[in-house]
file data11.txt (compact mmCIF, C-alpha atoms)
# COMPACT_ATOMS: atom_id res chain seq x y z
CA MET T 1 270.64 -95.95 228.74
CA ALA T 2 267.12 -94.98 229.80
CA LYS T 3 268.14 -91.34 229.96
CA LEU T 4 269.48 -91.56 226.41
CA VAL T 5 266.18 -93.01 225.14
CA ILE T 6 264.19 -90.29 226.89
CA PHE T 7 266.54 -87.61 225.54
CA LEU T 8 266.23 -88.93 221.97
CA ALA T 9 262.44 -89.16 222.29
CA LEU T 10 262.21 -85.58 223.49
CA CYS T 11 264.39 -84.39 220.62
CA LEU T 12 262.85 -86.47 217.85
CA LEU T 13 259.12 -86.20 218.60
CA PRO T 14 258.87 -82.44 217.95
CA ALA T 15 260.92 -82.84 214.78
CA LEU T 16 258.63 -85.59 213.54
CA ALA T 17 255.53 -83.56 214.34
CA ALA T 18 256.89 -80.55 212.47
CA ALA T 19 257.80 -82.70 209.48
CA ARG T 20 254.26 -83.93 208.83
CA PRO T 21 253.11 -83.13 205.30
CA VAL T 22 250.98 -80.03 204.81
CA ARG T 23 247.65 -80.64 203.10
CA THR T 24 247.52 -78.93 199.72
CA PHE T 25 243.95 -79.82 198.75
CA PHE T 26 240.59 -79.38 200.42
CA THR T 27 237.12 -80.58 199.49
CA VAL T 28 234.32 -78.08 199.99
CA GLN T 29 230.99 -79.84 200.45
CA GLY T 30 227.49 -78.43 200.70
CA ARG T 31 223.97 -78.69 199.31
CA VAL T 32 221.74 -76.59 197.08
CA TYR T 33 217.99 -76.52 197.61
CA CYS T 34 214.79 -75.13 196.15
CA ASP T 35 212.60 -73.37 198.73
CA THR T 36 209.32 -74.80 197.42
CA CYS T 37 207.22 -73.00 200.06
CA ARG T 38 208.91 -69.59 199.68
CA ALA T 39 209.41 -69.72 203.46
CA GLY T 40 212.90 -68.22 203.54
CA PHE T 41 214.32 -71.35 205.17
CA GLU T 42 214.41 -75.10 204.65
CA THR T 43 211.20 -76.99 205.45
CA PRO T 44 210.09 -80.62 205.12
CA TYR T 45 208.89 -79.67 201.59
CA THR T 46 212.30 -78.38 200.50
CA LYS T 47 213.69 -80.13 197.44
CA TYR T 48 217.44 -80.53 196.93
CA MET T 49 218.53 -79.69 193.40
CA GLN T 50 220.49 -81.87 191.01
CA GLY T 51 222.56 -80.04 188.39
CA ALA T 52 222.89 -76.66 190.13
CA LYS T 53 226.23 -74.91 189.63
CA VAL T 54 228.32 -73.65 192.54
CA ARG T 55 231.60 -71.75 192.56
CA ILE T 56 234.24 -71.55 195.28
CA GLU T 57 235.74 -68.04 195.33
CA CYS T 58 238.73 -66.90 197.37
CA LYS T 59 239.50 -63.18 197.59
CA ASP T 60 242.29 -61.10 199.06
CA ARG T 61 241.22 -59.82 202.51
CA ASP T 62 242.36 -56.25 201.83
CA SER T 63 241.68 -55.56 198.16
CA MET T 64 238.85 -58.12 197.70
CA LYS T 65 240.55 -59.08 194.42
CA LEU T 66 239.49 -62.53 193.24
CA LEU T 67 242.49 -64.85 193.57
CA TYR T 68 241.06 -68.35 193.14
CA THR T 69 237.96 -70.03 191.72
CA ALA T 70 236.76 -73.60 191.27
CA GLU T 71 233.33 -74.83 190.15
CA GLY T 72 231.16 -77.84 190.83
CA ILE T 73 227.73 -79.26 190.08
CA THR T 74 225.30 -80.87 192.51
CA ASN T 75 224.48 -84.58 192.35
CA LYS T 76 221.02 -86.17 192.60
CA GLU T 77 220.92 -85.47 196.36
CA GLY T 78 221.71 -81.79 195.75
CA THR T 79 225.23 -82.19 197.17
CA TYR T 80 228.31 -80.64 195.62
CA LYS T 81 231.92 -81.50 196.35
CA VAL T 82 234.49 -79.11 194.94
CA LEU T 83 238.21 -79.81 195.09
CA VAL T 84 240.21 -76.72 196.04
CA GLY T 85 243.98 -76.55 195.67
CA GLY T 86 246.26 -74.79 198.10
CA ASP T 87 246.04 -73.21 201.53
CA HIS T 88 244.01 -69.97 201.51
CA GLU T 89 244.71 -68.83 205.08
CA ASP T 90 244.93 -65.12 204.27
CA GLN T 91 241.93 -65.09 201.96
CA ILE T 92 238.16 -64.91 202.28
CA CYS T 93 236.67 -68.01 200.66
CA GLU T 94 232.99 -68.66 199.98
CA SER T 95 230.72 -71.11 198.20
CA VAL T 96 228.59 -69.07 195.80
CA LEU T 97 225.51 -69.98 193.77
CA VAL T 98 226.11 -69.73 190.03
CA SER T 99 223.00 -71.14 188.37
CA SER T 100 219.91 -73.21 188.96
CA SER T 101 219.02 -76.34 187.04
CA GLN T 102 215.27 -75.62 187.31
CA SER T 103 213.63 -72.73 185.47
CA GLU T 104 210.71 -72.57 187.94
CA CYS T 105 213.15 -72.30 190.86
CA SER T 106 215.91 -70.02 189.62
CA ALA T 107 215.62 -66.88 191.76
CA ILE T 108 218.30 -66.76 194.44
CA GLU T 109 216.96 -66.83 197.99
CA PRO T 110 218.18 -63.65 199.75
CA GLY T 111 220.85 -64.45 202.32
CA ARG T 112 221.34 -67.97 200.96
CA GLU T 113 223.46 -67.12 197.92
CA ARG T 114 226.87 -67.62 199.58
CA ALA T 115 228.47 -69.40 202.51
CA ARG T 116 231.89 -68.75 204.07
CA VAL T 117 234.40 -71.61 204.24
CA PHE T 118 237.82 -71.67 205.88
CA LEU T 119 240.42 -73.29 203.66
CA THR T 120 243.56 -73.48 205.73
CA ASN T 121 245.53 -76.03 207.69
CA ASN T 122 246.03 -73.52 210.51
CA ASN T 123 242.59 -73.69 212.13
CA GLY T 124 242.64 -76.91 214.13
CA ILE T 125 240.47 -78.91 211.72
CA ALA T 126 242.11 -82.23 210.88
CA SER T 127 239.77 -83.26 208.06
CA PRO T 128 240.46 -82.10 204.50
CA THR T 129 236.68 -81.72 203.99
CA ARG T 130 235.13 -78.34 204.73
CA PHE T 131 231.35 -78.12 205.03
CA ALA T 132 229.54 -75.03 203.76
CA ASN T 133 226.05 -73.95 204.81
CA ASN T 134 223.32 -74.87 202.34
CA LEU T 135 222.64 -72.49 199.45
CA GLY T 136 219.16 -71.87 198.10
CA PHE T 137 216.94 -70.82 195.27
CA ILE T 138 213.29 -69.88 195.72
CA LYS T 139 210.38 -71.31 193.70
CA ASP T 140 208.28 -68.95 191.57
CA ALA T 141 205.09 -70.04 193.37
CA PRO T 142 204.63 -72.19 196.49
CA ILE T 143 203.58 -75.81 196.04
CA ALA T 144 200.34 -77.25 197.46
CA GLY T 145 200.35 -77.83 201.20
CA CYS T 146 202.74 -75.02 202.08
CA SER T 147 200.16 -72.76 203.70
CA GLU T 148 199.20 -75.52 206.16
CA LEU T 149 202.85 -76.21 206.93
CA LEU T 150 203.64 -72.55 207.54
CA LYS T 151 200.59 -72.25 209.83
CA GLN T 152 202.12 -75.00 211.96
CA TYR T 153 205.30 -72.95 212.30
CA GLN T 154 203.24 -69.96 213.40
CA GLU T 155 201.53 -72.03 216.09
CA TYR T 156 204.91 -72.94 217.55
CA ALA T 157 206.04 -69.29 217.50
CA ASP T 158 203.15 -68.12 219.73
call {"tool": "encode", "arguments": {"input": "data11.txt", "output": "structure tokens"}}
result
Amino acid sequence: MAKLVIFLALCLLPALAAARPVRTFFTVQGRVYCDTCRAGFETPYTKYMQGAKVRIECKDRDSMKLLYTAEGITNKEGTYKVLVGGDHEDQICESVLVSSSQSECSAIEPGRERARVFLTNNNGIASPTRFANNLGFIKDAPIAGCSELLKQYQEYAD
């Protein structure tokens, strides 16, 4: 009897594991900021932007043809959460800045305009939420106090 139970367990467990449902939706989450010191990176003076638009784009790896898009808007903490349908294992997917909600901080910060995200079930990540690196705009002119802050960073670099 014990051998039968062990045999059934060995036969059924792999079948049950293979039968688990495949996730068909992901949530891409990230933040959008305004670089108020024009430092090129986030500082204690960085402000996170409400109302900025972000797009999730997935492209074919070979042709770079756009295959999927979804858009979202940041909340009061500067966080966006965009629902993405389907598994995009063979595609290159990125969060991309679309537009700023602040006219005085609407220039895109070089190198912070897009962030790669992996939207597939076949990468070992159990959570349906995928976190993207923060995206940023740069303020037209630095705010007061930035020069002192940046001097502190220089002191640490020496």
call {"tool": "closest_residue", "arguments": {"input": "data11.txt", "among": "T:Ala107, T:Cys37, T:Ala70, T:Ala132", "to": "Ala144 of chain T", "atoms": "only C-alpha atoms"}}
result
T:Cys37
call {"tool": "residues_around", "arguments": {"input": "data11.txt", "residues": "segment 55-66 of chain T", "least_positions_apart": "5", "cutoff": "6 Å", "atoms": "all atoms listed in the file", "output": "JSON, numbers by chain"}}
result
{"T": [71, 91, 92, 93, 94, 95, 96]}
call {"tool": "closest_residue", "arguments": {"input": "data11.txt", "among": "T:Cys34, T:Val84, T:Ala39, T:Ala115", "to": "Lys151 of chain T", "atoms": "only C-alpha atoms"}}
result
T:Ala39
call {"tool": "closest_residue", "arguments": {"input": "data11.txt", "among": "T:Glu89, T:Val32, T:Ser106, T:Leu97", "to": "Lys76 of chain T", "atoms": "all atoms listed in the file"}}
result
T:Val32
call {"tool": "residues_around", "arguments": {"input": "data11.txt", "residues": "Arg130 of chain T", "least_positions_apart": "4", "cutoff": "7 Å", "atoms": "all atoms listed in the file", "output": "PyMOL selection string"}}
result
chain T and resi 27-29+117
call {"tool": "atom_distance", "arguments": {"input": "data11.txt", "atom1": "atom CA of Asp140 of chain T", "atom2": "atom CA of Ser100 of chain T"}}
result
12.7 Å
call {"tool": "closest_residue", "arguments": {"input": "data11.txt", "among": "T:Lys139, T:Lys53, T:Arg38, T:His88", "to": "Asn75 of chain T", "atoms": "only C-alpha atoms"}}
result
T:Lys53
call {"tool": "atom_distance", "arguments": {"input": "data11.txt", "atom1": "atom CA of Val54 of chain T", "atom2": "atom CA of Thr74 of chain T"}}
result
7.8 Å
call {"tool": "closest_residue", "arguments": {"input": "data11.txt", "among": "T:Thr36, T:Asn134, T:Thr24, T:Thr129", "to": "Val82 of chain T", "atoms": "all atoms listed in the file"}}
result
T:Thr129
call {"tool": "residues_near_point", "arguments": {"input": "data11.txt", "point": "(203.6, -74.5, 205.1)", "cutoff": "12 Å", "atoms": "all atoms listed in the file", "output": "short mmCIF file (atom, residue, chain, number, x, y, z; two decimals) with C-alpha atoms, keeping the file's coordinate frame"}}
result
data_model
loop_
_atom_site.label_atom_id
_atom_site.label_comp_id
_atom_site.auth_asym_id
_atom_site.auth_seq_id
_atom_site.Cartn_x
_atom_site.Cartn_y
_atom_site.Cartn_z
CA ASP T 35 212.60 -73.37 198.73
CA THR T 36 209.32 -74.80 197.42
CA CYS T 37 207.22 -73.00 200.06
CA ARG T 38 208.91 -69.59 199.68
CA ALA T 39 209.41 -69.72 203.46
CA GLY T 40 212.90 -68.22 203.54
CA PHE T 41 214.32 -71.35 205.17
CA GLU T 42 214.41 -75.10 204.65
CA THR T 43 211.20 -76.99 205.45
CA PRO T 44 210.09 -80.62 205.12
CA TYR T 45 208.89 -79.67 201.59
CA THR T 46 212.30 -78.38 200.50
CA PRO T 142 204.63 -72.19 196.49
CA ILE T 143 203.58 -75.81 196.04
CA ALA T 144 200.34 -77.25 197.46
CA GLY T 145 200.35 -77.83 201.20
CA CYS T 146 202.74 -75.02 202.08
CA SER T 147 200.16 -72.76 203.70
CA GLU T 148 199.20 -75.52 206.16
CA LEU T 149 202.85 -76.21 206.93
CA LEU T 150 203.64 -72.55 207.54
CA LYS T 151 200.59 -72.25 209.83
CA GLN T 152 202.12 -75.00 211.96
CA TYR T 153 205.30 -72.95 212.30
CA GLN T 154 203.24 -69.96 213.40
CA GLU T 155 201.53 -72.03 216.09
#
call {"tool": "atom_distance", "arguments": {"input": "data11.txt", "atom1": "atom CA of Asp90 of chain T", "atom2": "atom CA of Ser127 of chain T"}}
result
19.2 Å
